[in-house]
Protein chains: 2
Amino acid sequence: MSQSTLLNYTHSKPLIQTVPYFHALDDDALRDVAQEMVERRYQIGELIFMEGEPDAGLHLVAEGHCKVYRLSEGGREHVLATLGPGDSCNEVPVVDGGPNPANFAALEDSTVWIISAEALQRLRRKHPALNDMIIKNLAMRCRQLVKRVYNLSFLSVTGRLAAFLLERSDEHSALSRRTWTQDEIAAHLGTVREMVARAFKELNAAGLIVVDRHRIEIVDREGLAKLV
Amino acid sequence: MSQSTLLNYTHSKPLIQTVPYFHALDDDALRDVAQEMVERRYQIGELIFMEGEPDAGLHLVAEGHCKVYRLSEGGREHVLATLGPGDSCNEVPVVDGGPNPANFAALEDSTVWIISAEALQRLRRKHPALNDMIIKNLAMRCRQLVKRVYNLSFLSVTGRLAAFLLERSDEHSALSRRTWTQDEIAAHLGTVREMVARAFKELNAAGLIVVDRHRIEIVDREGLAKLV
DNA sequence: GGCCCCATGAGACAAAAGTCACATACACTT
DNA sequence: AAGTGTATGTGACTTTTGTCTCATGGGGCC
């Protein structure tokens, strides 16, 4: 288990104000928030909290990357989101008191800030601007989820891969972040590795992408967009 | 197009306070909300608003039933939710300013109350209790959507039908609300009518349900639960 | 260089889902 | 009572997805 350290203001403030999540907060609010935050470090692969367990608090990724995911009976994994610095998760149980809706684990050695539901409750009362942030964030998550339902229900694996590639590529170019394995992509698309391999082959054969030794280059954005 | 009528306080108050959505509001807030609500009536089958269009405002179903749904290229329909009296939808664009995430249409002749984003913005500032309601509602929607992603990605059609039946049946008994056609159920499960027919046959053969002339009786709740 | 691990490519097969076609049953109208 | 339109039951077939298995290949480590 990771040890927890209470942050003091001077520690966290420089970092905290870089988080888009807290952009709308004034210094006063920022200081109060920082005082309620607990910092924890997790090693690569480590489980941060589990679905079904009582509310683990609001989590903010400070460093590293983590994944939000669910597991099937058969042990298959569906990754709902990959979070990087500045991204948050688990606001749902924090505001409705229910259990965590998904698992959360570190993909790399990561630093995470945690605010308990009770602390957030207090902070919200004192700084109503926090309400807006929570609302914005929940709305964003809803949009993501609606899109995912659409993809799962209407698109083939190839179509979902096309959407995946378009989403995480800056104009014309290759994939950002570290390289993704086909297994990881499969977990994002709700399928298995072999299907991802076939879908890559298909997009390649159709001339929409070029796979140059593990570097994926998008050749035809419009063509990909037609598949989603 | 339906005509719109501005509600006055005496009209809407008796109705408005029955809506769970507004339970936490005091009389003062309730009156303000009522004054911003516009009532519209829609006929069976009528489209209320469309996905992709600019924010249509917060919608509250007062009478009748409506569906929130998306359509595929091929014209297949996926129903995200069926709403009855007291249920709300479209808070996402209202709070983030984006387009409507889905279509909304009347399943029966229905009465709907609408609050524009601007009005809600004003109301939220004046009555912070509204923030809590919006947050609770968005959180609930997130949970529903996460569950749906899980079902789509991990469960067979039979499993999804089992989950569907369990969700909308009170203890031991038959389906509530009006009767569902297999087409409607298919649209909820993200599949086609024929698959629903086969899934019913399978659950029937397994002794988990009994289909008695369009009335579906759940015989073995635990058995169904094992499929989800 | 040689070795090993892990990611990928790929074929054969099985299972699930979707499509098409048509028969049947039922509810409501006339 | 007959007729019509819609909902349902069902079989044959295609397509898509998933499983299993093994070959290939590159990167890092000794």
# chains A, B, ... in the order shown; residues from 1 in each chain; ligands from 1
call {"tool": "interface_residues", "arguments": {"of": "chain C", "to": "chain B", "cutoff": "12 Å", "atoms": "only C-alpha atoms (C1' of nucleotides)", "output": "number ranges by chain"}}
result
C: 15-20, 25-26
call {"tool": "select_by_dssp", "arguments": {"residues": "range 39-188 of chain A", "states": "alpha helix (DSSP H)", "output": "PyMOL selection string"}}
result
chain A and resi 91-96+117-126+129-154+157-167+182-188
call {"tool": "residues_around", "arguments": {"residues": "Arg143 in chain A", "least_positions_apart": "4", "cutoff": "7 Å", "atoms": "only C-alpha atoms (C1' of nucleotides)", "output": "PyMOL selection string"}}
result
(chain A and resi 139+147) or (chain B and resi 101)
call {"tool": "interface_residues", "arguments": {"of": "chain D", "to": "chain B", "cutoff": "8 Å", "atoms": "only C-alpha atoms (C1' of nucleotides)", "output": "PyMOL selection string"}}
result
chain D and resi 7-9
call {"tool": "closest_atom_pairs", "arguments": {"of": "chain A", "to": "chain B", "cutoff": "9 Å", "atoms": "only C-alpha atoms", "output": "Markdown table"}}
result
| residue | atom | partner | partner_atom | distance |
| --- | --- | --- | --- | --- |
| A:Arg70 | CA | B:Tyr150 | CA | 7.4 |
| A:Leu71 | CA | B:Tyr150 | CA | 8.6 |
| A:Ser72 | CA | B:Phe154 | CA | 6.0 |
| A:Glu73 | CA | B:Phe154 | CA | 8.2 |
| A:Gly74 | CA | B:Phe154 | CA | 8.8 |
| A:Arg76 | CA | B:Phe154 | CA | 8.1 |
| A:His78 | CA | B:Ser153 | CA | 7.6 |
| A:Leu80 | CA | B:Val146 | CA | 8.4 |
| A:Glu91 | CA | B:Ala139 | CA | 8.0 |
| A:Val92 | CA | B:Ala139 | CA | 5.1 |
| A:Pro93 | CA | B:Ala139 | CA | 7.9 |
| A:Val95 | CA | B:Lys136 | CA | 6.7 |
| A:Asp96 | CA | B:Lys136 | CA | 6.1 |
| A:Pro101 | CA | B:Arg143 | CA | 6.8 |
| A:Ala102 | CA | B:Val146 | CA | 8.4 |
| A:Pro128 | CA | B:Pro128 | CA | 8.2 |
| A:Asn131 | CA | B:Asn131 | CA | 6.8 |
| A:Asp132 | CA | B:Asn131 | CA | 8.2 |
| A:Ile134 | CA | B:Ile135 | CA | 7.5 |
| A:Ile135 | CA | B:Ile135 | CA | 5.9 |
| A:Lys136 | CA | B:Asp96 | CA | 6.1 |
| A:Leu138 | CA | B:Leu138 | CA | 6.2 |
| A:Ala139 | CA | B:Val92 | CA | 5.1 |
| A:Met140 | CA | B:Val92 | CA | 7.9 |
| A:Arg141 | CA | B:Cys142 | CA | 7.1 |
| A:Cys142 | CA | B:Cys142 | CA | 5.7 |
| A:Arg143 | CA | B:Pro101 | CA | 6.8 |
| A:Leu145 | CA | B:Leu145 | CA | 6.1 |
| A:Val146 | CA | B:Leu145 | CA | 7.0 |
| A:Lys147 | CA | B:Pro101 | CA | 8.5 |
| A:Arg148 | CA | B:Val149 | CA | 7.1 |
| A:Val149 | CA | B:Val149 | CA | 5.8 |
| A:Tyr150 | CA | B:Arg70 | CA | 7.4 |
| A:Leu152 | CA | B:Leu152 | CA | 6.6 |
| A:Ser153 | CA | B:Gly190 | CA | 5.6 |
| A:Phe154 | CA | B:Ser72 | CA | 6.0 |
| A:Leu155 | CA | B:Ser72 | CA | 8.6 |
| A:Leu189 | CA | B:Ser153 | CA | 8.9 |
| A:Gly190 | CA | B:Ser153 | CA | 5.6 |
| A:Thr191 | CA | B:Ser153 | CA | 7.8 |
call {"tool": "select_by_dssp", "arguments": {"residues": "chain A", "states": "strand (DSSP E or B)", "output": "PyMOL selection string"}}
result
chain A and resi 4-6+38-42+47-49+54+58-63+66-71+77-83+88-89+99+103-106+110-115+169+175+209-212+215-218
call {"tool": "closest_residue", "arguments": {"among": "D:DG26, D:DG11, D:DG18, D:DG5", "to": "DC6 in chain C", "atoms": "only C-alpha atoms (C1' of nucleotides)"}}
result
D:DG26
call {"tool": "atom_distance", "arguments": {"atom1": "CA of Ala163 in chain A", "atom2": "CA of Lys226 in chain A"}}
result
9.7 Å
call {"tool": "decode", "arguments": {"residues": "range 29-48 of chain A", "atoms": "N, CA, C and O atoms", "output": "tab-separated table (two decimals), in the first residue's frame"}}
result
chain	number	residue	atom	x	y	z
A	29	ALA	N	-10.14	29.74	-2.60
A	29	ALA	CA	-10.72	28.42	-2.79
A	29	ALA	C	-9.62	27.39	-3.03
A	29	ALA	O	-9.63	26.29	-2.47
A	30	LEU	N	-8.67	27.78	-3.83
A	30	LEU	CA	-7.57	26.89	-4.16
A	30	LEU	C	-6.84	26.45	-2.90
A	30	LEU	O	-6.46	25.28	-2.75
A	31	ARG	N	-6.66	27.39	-1.99
A	31	ARG	CA	-5.94	27.06	-0.77
A	31	ARG	C	-6.74	26.06	0.05
A	31	ARG	O	-6.21	25.07	0.55
A	32	ASP	N	-8.05	26.31	0.15
A	32	ASP	CA	-8.89	25.39	0.92
A	32	ASP	C	-8.89	24.00	0.31
A	32	ASP	O	-8.83	23.00	1.01
A	33	VAL	N	-8.98	23.97	-1.00
A	33	VAL	CA	-8.99	22.67	-1.68
A	33	VAL	C	-7.68	21.93	-1.41
A	33	VAL	O	-7.67	20.75	-1.06
A	34	ALA	N	-6.58	22.67	-1.55
A	34	ALA	CA	-5.26	22.04	-1.36
A	34	ALA	C	-5.15	21.43	0.03
A	34	ALA	O	-4.53	20.38	0.22
A	35	GLN	N	-5.77	22.11	1.00
A	35	GLN	CA	-5.65	21.60	2.36
A	35	GLN	C	-6.43	20.32	2.59
A	35	GLN	O	-6.15	19.57	3.52
A	36	GLU	N	-7.40	20.08	1.75
A	36	GLU	CA	-8.20	18.86	1.92
A	36	GLU	C	-7.67	17.71	1.09
A	36	GLU	O	-8.14	16.58	1.20
A	37	MET	N	-6.71	18.02	0.24
A	37	MET	CA	-6.22	16.99	-0.67
A	37	MET	C	-5.18	16.11	0.00
A	37	MET	O	-4.32	16.57	0.73
A	38	VAL	N	-5.29	14.84	-0.29
A	38	VAL	CA	-4.30	13.89	0.18
A	38	VAL	C	-3.55	13.37	-1.03
A	38	VAL	O	-4.17	13.06	-2.06
A	39	GLU	N	-2.24	13.30	-0.94
A	39	GLU	CA	-1.48	12.81	-2.08
A	39	GLU	C	-1.10	11.36	-1.86
A	39	GLU	O	-0.66	10.98	-0.77
A	40	ARG	N	-1.26	10.57	-2.91
A	40	ARG	CA	-0.83	9.17	-2.82
A	40	ARG	C	-0.06	8.82	-4.07
A	40	ARG	O	-0.33	9.34	-5.15
A	41	ARG	N	0.89	7.92	-3.91
A	41	ARG	CA	1.66	7.44	-5.06
A	41	ARG	C	1.36	5.97	-5.30
A	41	ARG	O	1.23	5.20	-4.36
A	42	TYR	N	1.24	5.63	-6.54
A	42	TYR	CA	0.97	4.24	-6.89
A	42	TYR	C	1.99	3.75	-7.89
A	42	TYR	O	2.45	4.51	-8.75
A	43	GLN	N	2.33	2.48	-7.77
A	43	GLN	CA	3.29	1.91	-8.71
A	43	GLN	C	2.57	1.38	-9.94
A	43	GLN	O	1.36	1.14	-9.90
A	44	ILE	N	3.32	1.22	-10.98
A	44	ILE	CA	2.76	0.70	-12.23
A	44	ILE	C	1.98	-0.58	-11.97
A	44	ILE	O	2.46	-1.48	-11.28
A	45	GLY	N	0.77	-0.58	-12.49
A	45	GLY	CA	-0.06	-1.78	-12.34
A	45	GLY	C	-0.88	-1.83	-11.07
A	45	GLY	O	-1.79	-2.65	-10.94
A	46	GLU	N	-0.59	-0.95	-10.14
A	46	GLU	CA	-1.26	-1.03	-8.84
A	46	GLU	C	-2.73	-0.62	-8.93
A	46	GLU	O	-3.08	0.34	-9.63
A	47	LEU	N	-3.56	-1.33	-8.18
A	47	LEU	CA	-4.99	-1.01	-8.12
A	47	LEU	C	-5.19	0.15	-7.15
A	47	LEU	O	-4.69	0.13	-6.03
A	48	ILE	N	-5.94	1.16	-7.61
A	48	ILE	CA	-6.15	2.34	-6.76
A	48	ILE	C	-7.46	2.23	-5.98
A	48	ILE	O	-7.51	2.47	-4.80
